[in-house]
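One file, model.cif, carrying mmCIF, C-alpha atoms and all ligand atoms:
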```cif
data_query
loop_
_atom_site.label_atom_id
_atom_site.label_comp_id
_atom_site.auth_asym_id
_atom_site.auth_seq_id
_atom_site.Cartn_x
_atom_site.Cartn_y
_atom_site.Cartn_z
CA MET H 9 81.92 -7.39 -2.67
CA ILE H 10 79.94 -5.71 -5.49
CA LYS H 11 78.11 -2.52 -4.63
CA LEU H 12 76.19 -0.45 -7.15
CA VAL H 13 75.06 2.97 -5.99
CA ASN H 14 72.39 4.80 -7.94
CA ILE H 15 73.65 3.52 -11.29
CA CYS H 16 72.12 4.86 -14.50
CA TYR H 17 73.23 3.85 -17.97
CA ASP H 18 71.98 5.67 -21.06
CA TYR H 19 72.45 4.52 -24.65
CA PRO H 20 72.32 7.36 -27.22
CA ASP H 21 68.58 6.98 -27.76
CA THR H 22 67.35 4.98 -24.81
CA CYS H 23 67.81 4.18 -21.16
CA GLY H 24 69.60 0.91 -20.29
CA LEU H 25 69.53 1.04 -16.49
CA ASN H 26 67.66 3.38 -14.22
CA ALA H 27 68.74 4.22 -10.63
CA LEU H 28 70.09 0.82 -9.73
CA ASN H 29 71.14 0.13 -6.13
CA LEU H 30 72.47 -3.33 -5.47
CA THR H 31 74.86 -5.27 -3.26
CA ILE H 32 76.10 -8.75 -4.18
CA ASP H 33 78.16 -10.80 -1.73
CA ALA H 34 80.84 -13.38 -2.44
CA GLY H 35 79.51 -16.86 -3.16
CA GLU H 36 76.00 -15.84 -4.20
CA PHE H 37 74.19 -17.45 -7.15
CA VAL H 38 72.19 -14.57 -8.58
CA CYS H 39 69.72 -14.75 -11.47
CA LEU H 40 68.94 -11.51 -13.28
CA MET H 41 65.46 -11.76 -14.71
CA GLY H 42 62.97 -9.50 -16.48
CA PRO H 43 61.41 -8.89 -19.88
CA ASN H 44 63.37 -8.31 -23.09
CA GLY H 45 65.10 -4.96 -23.04
CA SER H 46 64.79 -4.47 -19.27
CA GLY H 47 68.53 -4.07 -18.65
CA LYS H 48 69.98 -7.50 -17.76
CA SER H 49 72.71 -7.51 -20.42
CA THR H 50 73.50 -3.85 -19.77
CA LEU H 51 74.13 -4.64 -16.12
CA LEU H 52 76.44 -7.54 -17.05
CA ARG H 53 78.36 -5.25 -19.45
CA LEU H 54 78.82 -2.70 -16.67
CA LEU H 55 79.96 -5.32 -14.16
CA SER H 56 82.45 -6.74 -16.66
CA GLY H 57 83.91 -3.31 -17.38
CA LEU H 58 82.79 -3.29 -21.02
CA ALA H 59 80.82 -0.14 -20.29
CA SER H 60 80.89 2.48 -17.56
CA PRO H 61 77.83 4.00 -15.89
CA THR H 62 76.46 7.32 -17.11
CA SER H 63 76.03 8.21 -13.44
CA GLY H 64 76.34 6.49 -10.09
CA THR H 65 79.21 4.36 -8.79
CA TYR H 66 80.21 0.73 -9.25
CA TRP H 67 82.31 -0.53 -6.36
CA LEU H 68 84.19 -3.81 -6.40
CA HIS H 69 86.00 -4.63 -3.17
CA ASP H 70 85.93 -0.94 -2.22
CA GLN H 71 87.51 0.08 -5.54
CA ALA H 72 85.39 2.41 -7.69
CA ILE H 73 85.35 0.94 -11.22
CA THR H 74 85.15 4.18 -13.19
CA ALA H 75 85.92 5.00 -16.83
CA ASP H 76 89.23 6.46 -15.62
CA TYR H 77 90.05 3.27 -13.72
CA LEU H 78 89.31 1.18 -16.81
CA ALA H 79 91.35 3.45 -19.08
CA ASN H 80 94.45 2.04 -17.40
CA ALA H 81 95.37 -1.23 -19.14
CA GLN H 82 96.79 -2.87 -16.01
CA GLN H 83 93.70 -2.02 -13.97
CA ARG H 84 91.46 -3.26 -16.78
CA GLN H 85 93.39 -6.53 -16.85
CA ARG H 86 93.03 -6.80 -13.07
CA LEU H 87 89.25 -6.45 -13.38
CA HIS H 88 89.18 -9.13 -16.08
CA GLN H 89 91.03 -11.45 -13.72
CA GLN H 90 88.45 -10.76 -11.02
CA ILE H 91 85.35 -10.95 -13.23
CA GLY H 92 84.88 -13.18 -16.27
CA MET H 93 81.97 -13.05 -18.68
CA VAL H 94 80.42 -15.65 -20.95
CA PHE H 95 78.62 -13.73 -23.69
CA GLN H 96 75.14 -14.46 -25.01
CA ASN H 97 76.62 -14.94 -28.48
CA THR H 98 79.68 -17.12 -27.91
CA ASP H 99 80.73 -16.68 -31.56
CA VAL H 100 82.04 -13.21 -30.64
CA GLN H 101 84.08 -14.75 -27.83
CA LEU H 102 85.74 -17.70 -29.56
CA PHE H 103 88.34 -16.70 -32.14
CA ASN H 104 91.26 -19.12 -31.81
CA THR H 105 91.97 -22.03 -34.14
CA SER H 106 91.70 -24.75 -31.49
CA VAL H 107 89.86 -25.16 -28.21
CA ALA H 108 93.14 -25.60 -26.32
CA ALA H 109 94.51 -22.36 -27.83
CA GLU H 110 91.27 -20.62 -26.95
CA VAL H 111 91.54 -21.58 -23.29
CA ALA H 112 95.27 -20.75 -23.22
CA PHE H 113 94.72 -17.28 -24.70
CA GLY H 114 93.90 -15.45 -21.44
CA PRO H 115 96.70 -17.01 -19.36
CA ARG H 116 99.14 -16.22 -22.23
CA GLN H 117 98.14 -12.56 -22.08
CA LEU H 118 99.05 -12.63 -18.39
CA GLY H 119 102.55 -13.84 -19.29
CA LEU H 120 102.29 -17.04 -17.25
CA SER H 121 104.88 -19.79 -17.77
CA ALA H 122 104.23 -22.50 -20.39
CA ALA H 123 103.90 -25.15 -17.66
CA THR H 124 101.35 -23.08 -15.71
CA ILE H 125 99.38 -22.36 -18.88
CA LYS H 126 99.25 -26.06 -19.77
CA GLN H 127 98.10 -26.92 -16.25
CA ARG H 128 95.36 -24.28 -16.37
CA VAL H 129 94.19 -25.41 -19.82
CA ASP H 130 94.06 -29.06 -18.73
CA ASP H 131 92.25 -28.20 -15.48
CA CYS H 132 89.67 -25.92 -17.12
CA LEU H 133 88.98 -28.32 -19.99
CA ALA H 134 88.49 -31.15 -17.48
CA LEU H 135 86.27 -29.02 -15.23
CA THR H 136 83.96 -28.11 -18.11
CA ASP H 137 84.03 -31.61 -19.63
CA CYS H 138 85.77 -30.28 -22.73
CA GLY H 139 88.88 -32.49 -22.55
CA ASP H 140 88.00 -34.38 -25.72
CA LEU H 141 87.41 -31.12 -27.62
CA ALA H 142 90.96 -29.77 -27.10
CA ASP H 143 92.00 -30.06 -30.77
CA ARG H 144 88.68 -29.06 -32.31
CA VAL H 145 88.04 -25.72 -34.03
CA PRO H 146 85.82 -23.69 -31.67
CA TYR H 147 83.77 -22.21 -34.51
CA GLN H 148 82.70 -25.71 -35.62
CA LEU H 149 81.37 -26.86 -32.24
CA SER H 150 77.74 -27.27 -31.26
CA GLY H 151 76.02 -24.48 -29.31
CA GLY H 152 76.36 -26.32 -26.00
CA GLU H 153 80.01 -27.15 -26.63
CA LYS H 154 80.74 -23.52 -27.53
CA LYS H 155 79.20 -22.34 -24.25
CA ARG H 156 81.32 -24.81 -22.28
CA VAL H 157 84.50 -23.79 -24.13
CA ALA H 158 83.70 -20.09 -23.55
CA LEU H 159 83.26 -20.89 -19.86
CA ALA H 160 86.55 -22.83 -19.82
CA SER H 161 88.36 -19.87 -21.41
CA VAL H 162 86.92 -17.54 -18.78
CA LEU H 163 87.80 -19.94 -15.94
CA ALA H 164 91.39 -20.09 -17.17
CA LEU H 165 91.89 -16.64 -15.63
CA ASN H 166 90.48 -18.00 -12.35
CA PRO H 167 88.06 -15.11 -11.75
CA GLU H 168 86.18 -14.97 -8.46
CA ILE H 169 83.02 -13.74 -10.21
CA LEU H 170 81.40 -15.32 -13.26
CA LEU H 171 78.93 -13.37 -15.40
CA LEU H 172 76.81 -15.35 -17.84
CA ASP H 173 74.39 -13.82 -20.33
CA GLU H 174 71.60 -16.30 -21.14
CA PRO H 175 73.99 -19.28 -20.98
CA LEU H 176 71.16 -21.77 -21.58
CA ASN H 177 69.78 -20.16 -24.75
CA GLY H 178 69.68 -22.49 -27.71
CA LEU H 179 70.85 -25.52 -25.75
CA THR H 180 69.14 -28.90 -25.66
CA ILE H 181 67.55 -29.89 -22.33
CA ALA H 182 70.49 -32.20 -21.65
CA ALA H 183 73.03 -29.44 -22.42
CA GLN H 184 71.10 -26.99 -20.22
CA GLN H 185 71.22 -29.44 -17.33
CA HIS H 186 74.90 -30.02 -17.96
CA MET H 187 75.60 -26.27 -17.81
CA LEU H 188 73.51 -25.76 -14.66
CA THR H 189 75.25 -28.63 -12.86
CA LEU H 190 78.58 -27.13 -13.88
CA LEU H 191 77.60 -23.71 -12.54
CA GLN H 192 76.46 -25.24 -9.26
CA ARG H 193 79.82 -27.02 -8.95
CA LEU H 194 81.61 -23.72 -9.54
CA GLN H 195 79.53 -22.03 -6.86
CA VAL H 196 80.38 -24.82 -4.42
CA ALA H 197 84.03 -24.24 -5.34
CA GLY H 198 83.62 -20.64 -4.16
CA LYS H 199 82.73 -18.68 -7.29
CA THR H 200 80.09 -15.96 -7.32
CA ILE H 201 77.67 -16.57 -10.19
CA ILE H 202 75.60 -13.79 -11.79
CA MET H 203 73.48 -15.07 -14.66
CA ALA H 204 70.93 -13.34 -16.88
CA SER H 205 67.98 -15.47 -17.91
CA HIS H 206 64.44 -14.97 -19.04
CA ASN H 207 63.50 -18.60 -18.39
CA TYR H 208 62.47 -19.07 -14.78
CA GLN H 209 61.64 -22.73 -15.29
CA GLN H 210 65.28 -23.40 -16.20
CA VAL H 211 66.91 -21.50 -13.36
CA GLN H 212 64.48 -21.77 -10.45
CA THR H 213 66.27 -24.68 -8.80
CA VAL H 214 69.81 -23.30 -9.08
CA GLY H 215 69.37 -19.57 -8.46
CA GLU H 216 69.49 -18.56 -4.82
CA ARG H 217 68.59 -14.92 -5.40
CA PHE H 218 66.41 -13.44 -8.12
CA ILE H 219 66.81 -9.80 -9.14
CA ILE H 220 63.87 -8.94 -11.36
CA PHE H 221 63.92 -5.92 -13.67
CA ASN H 222 60.85 -4.12 -14.98
CA PRO H 223 60.34 -2.62 -18.46
CA THR H 224 61.54 0.79 -17.21
CA HIS H 225 64.97 -0.69 -16.41
CA GLN H 226 64.57 -0.61 -12.63
CA VAL H 227 64.75 -3.42 -10.10
CA ASP H 228 61.16 -4.49 -9.51
CA ALA H 229 61.98 -7.18 -6.91
CA ASP H 230 65.02 -8.70 -5.26
CA LEU H 231 64.06 -12.01 -3.67
CA THR H 232 65.72 -15.10 -2.25
CA ARG H 233 64.60 -18.40 -3.73
CA THR H 234 62.62 -19.09 -0.53
CA ALA H 235 60.88 -15.71 -0.63
CA LEU H 236 60.06 -16.12 -4.31
CA ALA H 237 58.62 -19.59 -3.67
CA GLN H 238 56.09 -17.92 -1.38
CA GLN H 239 54.91 -15.56 -4.13
CA PRO H 240 52.95 -17.66 -6.63
CA ALA H 241 51.75 -14.61 -8.57
CA ARG H 242 55.33 -13.43 -9.07
CA GLN H 243 56.43 -16.93 -10.07
CA ALA H 244 53.59 -17.14 -12.58
CA GLN H 245 54.67 -13.75 -14.01
CA LEU H 246 58.27 -15.01 -14.38
CA MET H 247 57.01 -18.11 -16.21
CA THR H 248 55.59 -15.85 -18.92
CA LEU H 249 58.75 -13.83 -19.64
N1 LIG Z 301 73.92 -1.31 -28.15
C1 LIG Z 301 72.78 -0.71 -27.84
N2 LIG Z 301 72.44 0.48 -28.40
C2 LIG Z 301 71.31 1.13 -28.09
N3 LIG Z 301 70.41 0.66 -27.20
C3 LIG Z 301 70.68 -0.52 -26.61
C4 LIG Z 301 71.87 -1.27 -26.90
N4 LIG Z 301 71.85 -2.40 -26.15
C5 LIG Z 301 70.72 -2.37 -25.44
N5 LIG Z 301 69.99 -1.25 -25.71
C6 LIG Z 301 68.71 -0.86 -25.13
O1 LIG Z 301 68.89 -0.80 -23.70
C7 LIG Z 301 67.76 -1.36 -23.04
C8 LIG Z 301 68.25 -2.51 -22.16
O2 LIG Z 301 68.72 -3.55 -23.03
P1 LIG Z 301 69.41 -4.87 -22.51
O3 LIG Z 301 70.01 -5.54 -23.69
O4 LIG Z 301 70.27 -4.56 -21.37
O5 LIG Z 301 68.14 -5.69 -21.98
P2 LIG Z 301 67.99 -7.24 -21.61
O6 LIG Z 301 67.15 -7.27 -20.39
O7 LIG Z 301 69.32 -7.88 -21.54
O8 LIG Z 301 67.19 -7.79 -22.86
P3 LIG Z 301 67.15 -9.26 -23.52
O9 LIG Z 301 66.41 -10.13 -22.55
O10 LIG Z 301 66.37 -9.04 -24.78
O11 LIG Z 301 68.56 -9.70 -23.77
C9 LIG Z 301 66.79 -1.77 -24.13
O12 LIG Z 301 65.84 -0.75 -24.27
C10 LIG Z 301 67.64 -1.91 -25.37
O13 LIG Z 301 66.91 -1.62 -26.53
#
```
Here is a file; write its structure as structure tokens.
Amino acid sequence: MIKLVNICYDYPDTCGLNALNLTIDAGEFVCLMGPNGSGKSTLLRLLSGLASPTSGTYWLHDQAITADYLANAQQRQRLHQQIGMVFQNTDVQLFNTSVAAEVAFGPRQLGLSAATIKQRVDDCLALTDCGDLADRVPYQLSGGEKKRVALASVLALNPEILLLDEPLNGLTIAAQQHMLTLLQRLQVAGKTIIMASHNYQQVQTVGERFIIFNPTHQVDADLTRTALAQQPARQAQLMTL
């Protein structure tokens, strides 16, 4: 489904990703791990179409997602329907005056009918346990509530792939568990989940594949949960990230 071939991404003064080769299949639950600055967020930005590789090719369903492809508004919108991203800082993502309006925003941009939009909003609020937040102002919600609303607004476009950048950061233990259970439910419902995290303890029971970056922005290891469980030294290293 996703295929990255020899991807490099350079910021003006530093490297973000270095010679990345990766294939991700539909339905996987992938955790991107590695130290601060190793490239996890950069990879999510590339996958979401917010940035294009400096070199190499990003394929999604045999379509090369190039800067030229993304320059076309219709094609960009198509990508955003296929791949949705929950940002690390949800404050940059939530800008509407009510939660219901926030979740309706994406479907409205697609020009869907009022009845379809209402159905999608109701479904996504229910799925993320945000039904009782519908009339609240997103900016005034707690950190955990904001993450769930951001997820609901992404789900309203019904993307097949969900990208999440440190979705557990700043949440209470209960809110973390809530989010993880929600993500597992979405995977069971057929979504592909790609989540950046530096906290192995939090994600070890939900992630099925662990792609671990090193400080030079390369993939250091790409392991199934079972394979990682057989590498205590690697697990210990992940615990210290
Ligand atoms: N907007 C930017 N401008 C310049 N350099 C950047 C920018 N964003 C990231 N970088 C650099 O690119 C490299 C990869 O950063 P990235 O944010 O992808 O890492 P990360 O693994 O997500 O880190 P963290 O765990 O701290 O979120 C780092 O060296 C970082 O300093």
Around ligand LIG 301 (chain Z), out to 12 Å and counting all atoms listed in the file, which residues are there? I want them as a PyMOL selection string. chain H and resi 16-26+39-54+58-59+95-97+172-175+177+203-207+219-227+249
Selected residues written out, C-alpha atoms, as a PDB file, keeping the file's coordinate frame:
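Below is the file that was written, selection_38.pdb:
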```
ATOM      1  CA  CYS H  16      72.120   4.860 -14.500  1.00  0.00           C
ATOM      2  CA  TYR H  17      73.230   3.850 -17.970  1.00  0.00           C
ATOM      3  CA  ASP H  18      71.980   5.670 -21.060  1.00  0.00           C
ATOM      4  CA  TYR H  19      72.450   4.520 -24.650  1.00  0.00           C
ATOM      5  CA  PRO H  20      72.320   7.360 -27.220  1.00  0.00           C
ATOM      6  CA  ASP H  21      68.580   6.980 -27.760  1.00  0.00           C
ATOM      7  CA  THR H  22      67.350   4.980 -24.810  1.00  0.00           C
ATOM      8  CA  CYS H  23      67.810   4.180 -21.160  1.00  0.00           C
ATOM      9  CA  GLY H  24      69.600   0.910 -20.290  1.00  0.00           C
ATOM     10  CA  LEU H  25      69.530   1.040 -16.490  1.00  0.00           C
ATOM     11  CA  ASN H  26      67.660   3.380 -14.220  1.00  0.00           C
ATOM     12  CA  CYS H  39      69.720 -14.750 -11.470  1.00  0.00           C
ATOM     13  CA  LEU H  40      68.940 -11.510 -13.280  1.00  0.00           C
ATOM     14  CA  MET H  41      65.460 -11.760 -14.710  1.00  0.00           C
ATOM     15  CA  GLY H  42      62.970  -9.500 -16.480  1.00  0.00           C
ATOM     16  CA  PRO H  43      61.410  -8.890 -19.880  1.00  0.00           C
ATOM     17  CA  ASN H  44      63.370  -8.310 -23.090  1.00  0.00           C
ATOM     18  CA  GLY H  45      65.100  -4.960 -23.040  1.00  0.00           C
ATOM     19  CA  SER H  46      64.790  -4.470 -19.270  1.00  0.00           C
ATOM     20  CA  GLY H  47      68.530  -4.070 -18.650  1.00  0.00           C
ATOM     21  CA  LYS H  48      69.980  -7.500 -17.760  1.00  0.00           C
ATOM     22  CA  SER H  49      72.710  -7.510 -20.420  1.00  0.00           C
ATOM     23  CA  THR H  50      73.500  -3.850 -19.770  1.00  0.00           C
ATOM     24  CA  LEU H  51      74.130  -4.640 -16.120  1.00  0.00           C
ATOM     25  CA  LEU H  52      76.440  -7.540 -17.050  1.00  0.00           C
ATOM     26  CA  ARG H  53      78.360  -5.250 -19.450  1.00  0.00           C
ATOM     27  CA  LEU H  54      78.820  -2.700 -16.670  1.00  0.00           C
ATOM     28  CA  LEU H  58      82.790  -3.290 -21.020  1.00  0.00           C
ATOM     29  CA  ALA H  59      80.820  -0.140 -20.290  1.00  0.00           C
ATOM     30  CA  PHE H  95      78.620 -13.730 -23.690  1.00  0.00           C
ATOM     31  CA  GLN H  96      75.140 -14.460 -25.010  1.00  0.00           C
ATOM     32  CA  ASN H  97      76.620 -14.940 -28.480  1.00  0.00           C
ATOM     33  CA  LEU H 172      76.810 -15.350 -17.840  1.00  0.00           C
ATOM     34  CA  ASP H 173      74.390 -13.820 -20.330  1.00  0.00           C
ATOM     35  CA  GLU H 174      71.600 -16.300 -21.140  1.00  0.00           C
ATOM     36  CA  PRO H 175      73.990 -19.280 -20.980  1.00  0.00           C
ATOM     37  CA  ASN H 177      69.780 -20.160 -24.750  1.00  0.00           C
ATOM     38  CA  MET H 203      73.480 -15.070 -14.660  1.00  0.00           C
ATOM     39  CA  ALA H 204      70.930 -13.340 -16.880  1.00  0.00           C
ATOM     40  CA  SER H 205      67.980 -15.470 -17.910  1.00  0.00           C
ATOM     41  CA  HIS H 206      64.440 -14.970 -19.040  1.00  0.00           C
ATOM     42  CA  ASN H 207      63.500 -18.600 -18.390  1.00  0.00           C
ATOM     43  CA  ILE H 219      66.810  -9.800  -9.140  1.00  0.00           C
ATOM     44  CA  ILE H 220      63.870  -8.940 -11.360  1.00  0.00           C
ATOM     45  CA  PHE H 221      63.920  -5.920 -13.670  1.00  0.00           C
ATOM     46  CA  ASN H 222      60.850  -4.120 -14.980  1.00  0.00           C
ATOM     47  CA  PRO H 223      60.340  -2.620 -18.460  1.00  0.00           C
ATOM     48  CA  THR H 224      61.540   0.790 -17.210  1.00  0.00           C
ATOM     49  CA  HIS H 225      64.970  -0.690 -16.410  1.00  0.00           C
ATOM     50  CA  GLN H 226      64.570  -0.610 -12.630  1.00  0.00           C
ATOM     51  CA  VAL H 227      64.750  -3.420 -10.100  1.00  0.00           C
ATOM     52  CA  LEU H 249      58.750 -13.830 -19.640  1.00  0.00           C
TER      53      LEU H 249
END
```
Could you give me, as an MDAnalysis selection string, the residues within 12 Å of stretch 182-189 of chain H, counting all atoms listed in the file and dropping anything in the same chain fewer than 2 positions from it? chainID H and resid 37 135:138 150:160 172 174:180 191:196 201 203 207 209:215
In Å, rounded to a single decimal, give me how far atom CA of H:Asn104 is from atom CA of H:Gln148. 11.5 Å
Between H:Cys132, H:Val107, H:Ile15, H:Pro167, single out the one closest to H:Leu87, counting only C-alpha atoms.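 Of H:Cys132, H:Val107, H:Ile15, H:Pro167, the one nearest H:Leu87 is H:Pro167, counting only C-alpha atoms.
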Kindly indicate which residue among H:Lys199, H:Arg233, H:Arg217, H:Lys11 lies nearest to H:His69, using only C-alpha atoms for the distances.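 Using only C-alpha atoms, H:His69 sits closest to H:Lys11.
Put simply, atom CA of H:Phe218 is 10.4 Å away from atom CA of H:Leu246.
Among the candidates H:Leu118, H:Val111, H:Ala81, H:Gly57, the one nearest to H:Met93 when counting all atoms listed in the file is H:Gly57.
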Using only C-alpha atoms, find the one residue out of H:Leu171, H:Glu36, H:Leu68, H:Thr124 that sits nearest to H:Thr232.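 Nearest to H:Thr232: H:Glu36.
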